[in-house]
Amino acid sequence: MKQFTKSFTQQESIPDTGIEAAVEVMRSGRLHRYNTLPDEKSETDLLELEFAEYMGVPYALACSSGGYALHVAMRAAGVEAGDKVLCNAFTLAPVPGAIHNSGAVPVLIDVAEDYCIDLDDLEQKAEASGAKYLMLSHMRGHLADMDRIMAICERYNLFLIEDCAHTMGASWNGKKSGTFGDVACFSTQTYKHINSGEGGFLTTRHPEVMARAIMHSGSYMLFERHFAAPPKEVFEQIRYETPNYSGRMDNLRAAILRPQLADLETQCERWNSRYRILETLFNQSSAINIPARPDAEHFVASSIQFSLPGFTADEIQDVVKRCGERGVILKWFGDDIPRDYTSRYDSWRYIEDMPQLPKTEKILSTLLDMRIPLTFSEDDCTLIGEIIVEVVNG
């Protein structure tokens, strides 16, 4: 019987250049981003400039986490207590958590068969709710039809915040994920596309939004030391009315991230080559459904999702158990009990007036998820795919 023995949580090591840069920061003792000489650019400043250049946007802010970036994005955009924010029902808990943290109310949108946000439901609820904000989660790296998303945003005057935790390096029709909306948020948590343990970015093209975000991040009155930022004149009024939420990134994490960002495109190709191996094997089983990715979508597949249509909850749990016994770790998004990083929308019980979303529940009831760390070789992915197909086919 085929068996897999590698860890699904073991990531590649930090590049040597990142380790050397981090050691240099530690030797200097200057870990705080503002511990600089006049006009000196810290590691965090350099990272922000490089990320802004990579994204093709004017402003970037390095944050303590992706979840913090989501919260600050809403605050900087003007979200107030009681405001309604449209968001995916199929997402990870930090997304509705960030909305709740801002005092706003999540309006949950169904998931579609392709695992993206249901655009018909989005349009209907945008009209019915009167919401002025959409937090669009590109969940597990799946990009919805961004042309239609933008048409909906324009029709209903929605301020779009893109949650790009799983789509750094991805694009739709050649336009980078995170450059469609008004604000974009990224994560550099260990299991994302670049790894600093915890961390994130906020990007925007709006000067006042970025100025507020910088103030929120804990700049005190040191905002002039930001280089991927609007001019100091933009800060003149808001500096008196914008609270400090202290969520800065430090120079140690920035030093670790800079070489990873420089190598991101190569890493994306490596993830996708592994994904394609698994996709090909899954498509050979009539029991497994894996949605075809649109030609317009250039994705970054650091994980893979697939469905087992017609399987009962007990049968899904049996597949997860038997794959686990053979070393292949799967997560089930349909479980009514939150486990690890997975949770179904109805487990977020702090949301008032929780809706019933039978379509979402049906789709999630057979949806499985698996990480694809780059510590796995292409041969490893072949073995993993063969094990899953054997288990599913019985």
# chains A, B, ... in the order shown; residues from 1 in each chain; ligands from 1

$ residues_around --residues "Ala128 (chain A)" --least-positions-apart "6" --cutoff "12 Å" --atoms "only C-alpha atoms" --output "PDB file with N, CA and C atoms, in the first residue's frame"
ATOM      1  N   LYS A  84     -22.786  47.997   6.926  1.00  0.00           N
ATOM      2  CA  LYS A  84     -22.838  46.650   6.362  1.00  0.00           C
ATOM      3  C   LYS A  84     -21.681  46.455   5.385  1.00  0.00           C
ATOM      4  N   LEU A  86     -20.334  43.594   2.664  1.00  0.00           N
ATOM      5  CA  LEU A  86     -20.530  42.350   1.922  1.00  0.00           C
ATOM      6  C   LEU A  86     -19.246  41.536   1.963  1.00  0.00           C
ATOM      7  N   VAL A 107     -22.325  40.917   5.754  1.00  0.00           N
ATOM      8  CA  VAL A 107     -23.445  40.423   4.946  1.00  0.00           C
ATOM      9  C   VAL A 107     -22.874  39.299   4.089  1.00  0.00           C
ATOM     10  N   ASP A 121     -25.682  36.166  -6.336  1.00  0.00           N
ATOM     11  CA  ASP A 121     -26.056  36.472  -4.952  1.00  0.00           C
ATOM     12  C   ASP A 121     -25.437  37.790  -4.505  1.00  0.00           C
ATOM     13  N   LEU A 122     -24.203  38.045  -4.943  1.00  0.00           N
ATOM     14  CA  LEU A 122     -23.551  39.311  -4.617  1.00  0.00           C
ATOM     15  C   LEU A 122     -24.363  40.485  -5.150  1.00  0.00           C
ATOM     16  N   TYR A 156     -23.232  49.598  -7.960  1.00  0.00           N
ATOM     17  CA  TYR A 156     -23.757  49.842  -6.614  1.00  0.00           C
ATOM     18  C   TYR A 156     -22.834  50.722  -5.767  1.00  0.00           C
TER      19      TYR A 156
END

$ residues_around --residues "Ile388 (chain A)" --least-positions-apart "5" --cutoff "10 Å" --atoms "only C-alpha atoms" --output "list in words"
Leu278, Leu281, Phe282, Ser285, Ile288, Val319, Val320, Arg322, Cys323, Gly324, Arg326, Val328, Ile329, Leu330, Leu383, Asn393 and Gly394 of chain A

$ write_last_selection --atoms "C-alpha atoms" --output "short mmCIF file (atom, residue, chain, number, x, y, z; two decimals), in the first residue's frame"
data_model
loop_
_atom_site.label_atom_id
_atom_site.label_comp_id
_atom_site.auth_asym_id
_atom_site.auth_seq_id
_atom_site.Cartn_x
_atom_site.Cartn_y
_atom_site.Cartn_z
CA LEU A 278 -2.59 16.72 -8.79
CA LEU A 281 -4.65 12.77 -11.48
CA PHE A 282 -7.92 13.94 -9.91
CA SER A 285 -11.39 9.80 -11.25
CA ILE A 288 -13.65 13.67 -7.94
CA VAL A 319 -11.93 9.59 3.14
CA VAL A 320 -10.18 12.13 5.38
CA ARG A 322 -8.10 6.85 5.47
CA CYS A 323 -5.98 9.42 3.62
CA GLY A 324 -4.59 10.55 6.98
CA ARG A 326 -1.60 6.92 4.65
CA VAL A 328 -2.03 12.56 3.31
CA ILE A 329 -3.64 15.36 5.33
CA LEU A 330 -6.94 16.69 4.02
CA LEU A 383 2.29 9.87 -5.01
CA ASN A 393 -12.30 5.13 -5.64
CA GLY A 394 -12.42 2.59 -2.82
#

$ atom_distance --atom1 "CA of Gly56 (chain A)" --atom2 "CA of Glu80 (chain A)"
29.5 Å

$ residues_around --residues "Arg205 (chain A)" --least-positions-apart "5" --cutoff "9 Å" --atoms "only C-alpha atoms" --output "list of chain:residue names"
A:Val57, A:Pro58, A:Tyr59, A:Thr179, A:Asp182, A:Val183, A:Met210

$ write_last_selection --atoms "C-alpha atoms" --output "CSV table (one decimal), in the first residue's frame"
chain,number,residue,atom,x,y,z
A,57,VAL,CA,0.8,50.8,-7.1
A,58,PRO,CA,1.9,54.1,-5.5
A,59,TYR,CA,1.5,53.2,-1.9
A,179,THR,CA,-5.0,46.1,-8.2
A,182,ASP,CA,-9.7,50.5,-3.8
A,183,VAL,CA,-7.5,48.7,-1.2
A,210,MET,CA,-2.9,55.3,2.8

$ residues_around --residues "region 293-297 of chain A" --least-positions-apart "2" --cutoff "10 Å" --atoms "only C-alpha atoms" --output "PDB file with N, CA and C atoms, in the first residue's frame"
ATOM      1  N   ASP A 114     -17.608  27.026  -8.493  1.00  0.00           N
ATOM      2  CA  ASP A 114     -16.161  27.143  -8.765  1.00  0.00           C
ATOM      3  C   ASP A 114     -15.380  27.588  -7.529  1.00  0.00           C
ATOM      4  N   HIS A 142      -8.657  31.297  -5.452  1.00  0.00           N
ATOM      5  CA  HIS A 142      -9.587  31.259  -6.585  1.00  0.00           C
ATOM      6  C   HIS A 142     -10.081  32.663  -6.897  1.00  0.00           C
ATOM      7  N   LEU A 143      -9.820  33.127  -8.129  1.00  0.00           N
ATOM      8  CA  LEU A 143     -10.247  34.450  -8.554  1.00  0.00           C
ATOM      9  C   LEU A 143     -11.587  34.360  -9.267  1.00  0.00           C
ATOM     10  N   ALA A 144     -12.559  35.122  -8.786  1.00  0.00           N
ATOM     11  CA  ALA A 144     -13.839  35.233  -9.479  1.00  0.00           C
ATOM     12  C   ALA A 144     -13.653  36.060 -10.748  1.00  0.00           C
ATOM     13  N   ASP A 145     -14.700  36.148 -11.559  1.00  0.00           N
ATOM     14  CA  ASP A 145     -14.683  36.968 -12.770  1.00  0.00           C
ATOM     15  C   ASP A 145     -14.549  38.431 -12.348  1.00  0.00           C
ATOM     16  N   MET A 146     -13.323  38.951 -12.411  1.00  0.00           N
ATOM     17  CA  MET A 146     -13.071  40.291 -11.891  1.00  0.00           C
ATOM     18  C   MET A 146     -13.695  41.378 -12.762  1.00  0.00           C
ATOM     19  N   ALA A 170      -0.916  36.320  -8.309  1.00  0.00           N
ATOM     20  CA  ALA A 170      -1.955  35.904  -9.260  1.00  0.00           C
ATOM     21  C   ALA A 170      -2.460  37.108 -10.049  1.00  0.00           C
ATOM     22  N   SER A 171      -3.189  36.827 -11.144  1.00  0.00           N
ATOM     23  CA  SER A 171      -3.725  37.919 -11.959  1.00  0.00           C
ATOM     24  C   SER A 171      -4.963  37.453 -12.712  1.00  0.00           C
ATOM     25  N   TRP A 172      -5.733  38.425 -13.186  1.00  0.00           N
ATOM     26  CA  TRP A 172      -6.927  38.167 -14.006  1.00  0.00           C
ATOM     27  C   TRP A 172      -6.772  38.977 -15.287  1.00  0.00           C
ATOM     28  N   ASN A 173      -6.724  38.286 -16.428  1.00  0.00           N
ATOM     29  CA  ASN A 173      -6.504  38.937 -17.721  1.00  0.00           C
ATOM     30  C   ASN A 173      -5.284  39.840 -17.693  1.00  0.00           C
ATOM     31  N   GLY A 174      -4.240  39.370 -17.009  1.00  0.00           N
ATOM     32  CA  GLY A 174      -2.967  40.082 -16.983  1.00  0.00           C
ATOM     33  C   GLY A 174      -2.880  41.199 -15.965  1.00  0.00           C
ATOM     34  N   LYS A 175      -3.958  41.454 -15.224  1.00  0.00           N
ATOM     35  CA  LYS A 175      -3.965  42.506 -14.211  1.00  0.00           C
ATOM     36  C   LYS A 175      -3.831  41.863 -12.839  1.00  0.00           C
ATOM     37  N   SER A 177      -3.919  40.559  -9.152  1.00  0.00           N
ATOM     38  CA  SER A 177      -4.850  40.509  -8.046  1.00  0.00           C
ATOM     39  C   SER A 177      -4.397  41.502  -6.983  1.00  0.00           C
ATOM     40  N   ILE A 290     -13.038  18.659  -9.801  1.00  0.00           N
ATOM     41  CA  ILE A 290     -12.129  19.782  -9.592  1.00  0.00           C
ATOM     42  C   ILE A 290     -12.427  20.798 -10.681  1.00  0.00           C
ATOM     43  N   PRO A 291     -12.933  21.969 -10.306  1.00  0.00           N
ATOM     44  CA  PRO A 291     -13.353  22.941 -11.318  1.00  0.00           C
ATOM     45  C   PRO A 291     -12.204  23.348 -12.242  1.00  0.00           C
ATOM     46  N   PHE A 299      -3.410  31.768 -11.704  1.00  0.00           N
ATOM     47  CA  PHE A 299      -3.504  31.533 -10.266  1.00  0.00           C
ATOM     48  C   PHE A 299      -2.149  31.150  -9.686  1.00  0.00           C
ATOM     49  N   VAL A 300      -2.092  31.139  -8.363  1.00  0.00           N
ATOM     50  CA  VAL A 300      -0.931  30.633  -7.631  1.00  0.00           C
ATOM     51  C   VAL A 300      -1.467  29.579  -6.672  1.00  0.00           C
TER      52      VAL A 300
END

$ closest_residue --among "A:Asp163, A:Arg27, A:Phe306, A:Ser13" --to "Thr190 (chain A)" --atoms "only C-alpha atoms"
A:Ser13

$ closest_residue --among "A:Leu357, A:Ile99, A:Ala62, A:Ala77" --to "Glu50 (chain A)" --atoms "only C-alpha atoms"
A:Ala62

$ residues_around --residues "Lys6 (chain A)" --least-positions-apart "2" --cutoff "10 Å" --atoms "only C-alpha atoms" --output "ChimeraX atom specification"
/A:3-4,8-10,327-328,375-376,380

$ select_by_dssp --residues "region 64-302 of chain A" --states "helix (DSSP H, G or I)" --output "count of residues only"
96

$ atom_distance --atom1 "CA of Thr188 (chain A)" --atom2 "CA of Thr280 (chain A)"
29.2 Å

$ closest_residue --among "A:Asp250, A:Asp110, A:Glu208, A:Glu198" --to "Val25 (chain A)" --atoms "only C-alpha atoms"
A:Asp250

$ residues_around --residues "Arg33 (chain A)" --least-positions-apart "3" --cutoff "10 Å" --atoms "only C-alpha atoms" --output "MDAnalysis selection string"
chainID A and resid 30 36 41:45 219 225:226 248:252 254

$ residues_around --residues "Thr360 (chain A)" --least-positions-apart "3" --cutoff "12 Å" --atoms "only C-alpha atoms" --output "ChimeraX atom specification"
/A:88-91,108-118,121,333-334,344-346,355-357,363-367

$ write_last_selection --atoms "C-alpha atoms" --output "mmCIF file, in the first residue's frame"
data_model
loop_
_atom_site.group_PDB
_atom_site.id
_atom_site.type_symbol
_atom_site.label_atom_id
_atom_site.label_comp_id
_atom_site.auth_asym_id
_atom_site.auth_seq_id
_atom_site.Cartn_x
_atom_site.Cartn_y
_atom_site.Cartn_z
ATOM 1 C CA ASN A 88 -17.795 35.732 1.156
ATOM 2 C CA ALA A 89 -19.525 33.135 3.297
ATOM 3 C CA PHE A 90 -16.743 30.749 2.202
ATOM 4 C CA THR A 91 -13.611 32.287 3.663
ATOM 5 C CA LEU A 108 -22.524 36.893 3.848
ATOM 6 C CA ILE A 109 -22.591 35.972 0.158
ATOM 7 C CA ASP A 110 -23.028 32.430 -1.139
ATOM 8 C CA VAL A 111 -20.204 30.412 -2.691
ATOM 9 C CA ALA A 112 -20.496 29.241 -6.312
ATOM 10 C CA GLU A 113 -19.624 25.841 -7.787
ATOM 11 C CA ASP A 114 -16.161 27.143 -8.765
ATOM 12 C CA TYR A 115 -15.467 27.983 -5.059
ATOM 13 C CA CYS A 116 -15.566 31.728 -5.811
ATOM 14 C CA ILE A 117 -18.090 34.220 -4.511
ATOM 15 C CA ASP A 118 -21.533 33.749 -6.125
ATOM 16 C CA ASP A 121 -26.056 36.472 -4.952
ATOM 17 C CA PHE A 333 -14.751 22.685 4.940
ATOM 18 C CA GLY A 334 -18.173 21.124 5.422
ATOM 19 C CA ARG A 344 -18.083 26.960 8.277
ATOM 20 C CA TYR A 345 -19.859 30.319 8.258
ATOM 21 C CA ASP A 346 -22.494 29.247 10.806
ATOM 22 C CA PRO A 355 -28.446 33.905 7.605
ATOM 23 C CA GLN A 356 -29.277 30.441 6.356
ATOM 24 C CA LEU A 357 -27.241 29.670 3.233
ATOM 25 C CA ILE A 363 -21.191 23.036 -1.768
ATOM 26 C CA LEU A 364 -19.025 22.975 1.360
ATOM 27 C CA SER A 365 -20.484 19.626 2.429
ATOM 28 C CA THR A 366 -18.282 17.795 -0.094
ATOM 29 C CA LEU A 367 -15.359 20.249 -0.364
#

$ atom_distance --atom1 "CA of Thr167 (chain A)" --atom2 "CA of Asp369 (chain A)"
16.1 Å

$ select_by_dssp --residues "region 160-356 of chain A" --states "strand (DSSP E)" --output "JSON, numbers by chain"
{"A": [160, 161, 162, 163, 171, 172, 175, 176, 183, 184, 185, 186, 187, 200, 201, 202, 203, 204, 297, 298, 303, 304, 305, 306, 307, 331, 332]}

$ closest_residue --among "A:Gly385, A:Gly66, A:Pro373, A:Pro338" --to "Glu12 (chain A)" --atoms "only C-alpha atoms"
A:Pro373

$ closest_residue --among "A:Leu119, A:Val209, A:Gly78, A:Leu92" --to "Lys132 (chain A)" --atoms "only C-alpha atoms"
A:Gly78

$ closest_residue --among "A:Leu368, A:Ala60, A:Leu136, A:Ile194" --to "Ile316 (chain A)" --atoms "only C-alpha atoms"
A:Leu368
